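Heads up: the structure comes next, in structure tokens.
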Amino acid sequence: MKAFKQELANIQTKKVYGRVKAVQGVMIEIAGPLAAFGIGARLKIEREQASQVMGKPIMVEVVGFKEGVALAMPYGNLDGISMGSKAYLHSNNNDVSPSESWLGRIVNALGEPIDGKGPLETGDEPVPLRNSPPPANQRNRVGEPLDLGVKALNCFATCCVGQRLGIFAGSGVGKSVLMSMLTKNASADVFVIGLIGERGREVQEFIEDNLGEEGLKRSIVVVATSDEAALMRRQAAYMTMSLAEYFRDKDNSVLCMIDSITRFAMAGREIGLSVGEPPATKGYTPTVFAELPRLLERAGPGTDKGSITGLFTVLVEGDDHNEPISDAVRGILDGHIVMERAIAERGRYPAINVLKSISRTMPECVPEQYRPAIYKARQYMSTFYDMEEIIRMGVYRRGSNPETDAAIDYTERLEQFLQQGKSEATSLNDGYEELVQILG
């Protein structure tokens, strides 16, 4: 009945429309009854029948107002749009109505199925795409340690249920492969995966090779490839988070993964510059830095039993881990995983630099009997890292420093410990025990 009432509320008793006044790049100016067009309202613009898309209307979203016109951006290409084309109000509600039957499905940024398995069942209650995070004073605390199945993360950047971690890496360093390992090995009730700005050919590979049939059964994948409009890429991140919130409110432990937050920010930059916002750092507009915490804060513990554990990849431009988006995201999240090209080049995967990776919840969630081993391993790796150049040049003489000698002895074994194949999985306790055994 709730879904039926919602459908009744959405029925329009009269048609409201404006007309296209101008098109500049991807920005469409629409004149008409502006009082009926709120920010976020969706409109359908008629195309010329002779266009390549056979007259199918194009969906646009109102993103601003200027000098008596509404500024809208499209969800697709603008072929067939002409001066005076009618722009009908489609909906002022920016929400989605998922259900548990969506598990195992692949959808686009608008919540439409793209896997060829037929239409999706509409749920009982709509979930706003731009929802607010739960009130800070009513949220639960993070839960017990979450087994991610990757030794380097389990032992040196332990993640808790309801925590938010960022995976920072340059292009080609292996963050997508690490994400595939997490989807196979992590323990969670539901996986919600957002592939934003990904290469089109990689989507099917990720679903078939990394998720597999069993993994897909407990997952929803939201896809917006790099060739899609900026509005679709930004919307895909909101859709991913809204679906995660729906399953969290059903008291599930949800693992939400978005690849990547940088491409969400780039889409926001493209939209902001088109509207006329002033560029700030590296061309990113102020709205981008305001939207990042609004999106990322939605992950985390809920007010009831459910929680959203967030793993968000950040594409580091030019291997500069202090570039604006990396710096902003690192300050919002509860920890960061740093992947380095130098580690990947010497053949150790996943290429995680454990010395630069931090989990802010780790000190309290690691069993006390394993803490000395983790501390000692970090100490050995840090000592070797500081002396690495001198050691490799042959300048260091063995026996000069007992701590350095021990670091040399253990580094090779620790490097082998951190090495893990794509199809391998190691549980949380097994990783701790193996580390203790290596250190004697």
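Each chain in the structure tokens gets a letter, A, B and so on, in the order shown; residues start at 1 in every chain, and ligands are counted from 1 in the order they appear.
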Fill in: DSSP strand (DSSP E or B) selection over stretch 193-351 of chain A, as JSON, numbers by chain
{"A": [193, 194, 195, 196, 197, 198, 219, 220, 221, 222, 223, 224, 225, 253, 254, 255, 256, 257, 258, 259, 300, 301, 307, 308, 309, 310, 311, 312, 313, 314, 315, 335, 336, 337, 338, 339]}
Practice prompt. Mind checking which residues fall within 7 Å of A:His90, counting only C-alpha atoms, ignoring those fewer than 3 positions away in the same chain, and posting them as a PyMOL selection string?
Written response: chain A and resi 42-44
Worksheet entry | Contact residues around A:Asn94 with only C-alpha atoms at 8 Å, ignoring same-chain residues under 3 positions, as a PyMOL selection string | chain A and resi 40-41+91+128-130
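Counting only C-alpha atoms and comparing A:Gly306, A:Pro98, A:Pro367, A:Gly68, the residue that lies closest to A:Pro113 is A:Pro98.
In this structure, atom CA of A:Arg139 sits 9.7 Å away from atom CA of A:Ser307.
The space separating atom CA of A:Gly32 from atom CA of A:Met83 comes to 13.4 Å.
Closest approach to A:Lys56 from the set A:Glu228, A:Asp79, A:Asp320, A:Asp147 is made by A:Asp79, with distances taken over only C-alpha atoms.
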Item to complete: Would you list, as a VMD selection string, the residues of stretch 25-244 of chain A that end up in alpha helix (DSSP H) under DSSP run on this structure's backbone?
Response: chain A and resid 151 to 156 175 to 185 200 to 205 212 to 217 230 to 244
Keeping only C-alpha atoms, write the selected residues as a JSON list (two decimals), in the first residue's frame.
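Final output, out_31.json:
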```json
[["chain", "number", "residue", "atom", "x", "y", "z"],
["A", 151, "LYS", "CA", 46.86, -10.08, 5.39],
["A", 152, "ALA", "CA", 48.40, -6.64, 4.93],
["A", 153, "LEU", "CA", 45.12, -4.95, 5.85],
["A", 154, "ASN", "CA", 44.01, -7.36, 8.56],
["A", 155, "CYS", "CA", 47.30, -7.12, 10.47],
["A", 156, "PHE", "CA", 48.53, -3.57, 9.87],
["A", 175, "LYS", "CA", 43.60, -0.71, -6.41],
["A", 176, "SER", "CA", 40.95, -2.37, -8.60],
["A", 177, "VAL", "CA", 42.60, -5.77, -8.05],
["A", 178, "LEU", "CA", 42.64, -5.10, -4.29],
["A", 179, "MET", "CA", 38.94, -4.25, -4.47],
["A", 180, "SER", "CA", 38.28, -7.54, -6.25],
["A", 181, "MET", "CA", 40.10, -9.40, -3.44],
["A", 182, "LEU", "CA", 37.94, -7.63, -0.87],
["A", 183, "THR", "CA", 34.68, -8.50, -2.66],
["A", 184, "LYS", "CA", 35.68, -12.17, -2.66],
["A", 185, "ASN", "CA", 37.10, -12.44, 0.85],
["A", 200, "GLY", "CA", 33.56, -0.06, -20.07],
["A", 201, "ARG", "CA", 35.47, -3.27, -20.79],
["A", 202, "GLU", "CA", 36.40, -3.72, -17.11],
["A", 203, "VAL", "CA", 32.82, -3.84, -15.84],
["A", 204, "GLN", "CA", 32.02, -7.30, -17.21],
["A", 205, "GLU", "CA", 35.45, -8.59, -16.17],
["A", 212, "GLY", "CA", 31.46, -14.47, -9.67],
["A", 213, "GLU", "CA", 28.02, -16.01, -9.51],
["A", 214, "GLU", "CA", 28.04, -16.54, -5.74],
["A", 215, "GLY", "CA", 29.37, -13.06, -4.97],
["A", 216, "LEU", "CA", 26.82, -11.40, -7.23],
["A", 217, "LYS", "CA", 23.94, -13.09, -5.36],
["A", 230, "ALA", "CA", 28.95, 13.95, -15.60],
["A", 231, "LEU", "CA", 25.49, 13.94, -14.03],
["A", 232, "MET", "CA", 25.29, 10.14, -14.37],
["A", 233, "ARG", "CA", 28.72, 9.68, -12.80],
["A", 234, "ARG", "CA", 27.85, 11.89, -9.85],
["A", 235, "GLN", "CA", 24.41, 10.31, -9.47],
["A", 236, "ALA", "CA", 25.96, 6.81, -9.40],
["A", 237, "ALA", "CA", 27.73, 7.64, -6.13],
["A", 238, "TYR", "CA", 24.48, 8.86, -4.55],
["A", 239, "MET", "CA", 22.64, 5.78, -5.81],
["A", 240, "THR", "CA", 25.31, 3.46, -4.35],
["A", 241, "MET", "CA", 25.09, 5.10, -0.95],
["A", 242, "SER", "CA", 21.26, 5.14, -0.93],
["A", 243, "LEU", "CA", 21.11, 1.40, -1.68],
["A", 244, "ALA", "CA", 23.63, 0.76, 1.12]]
```
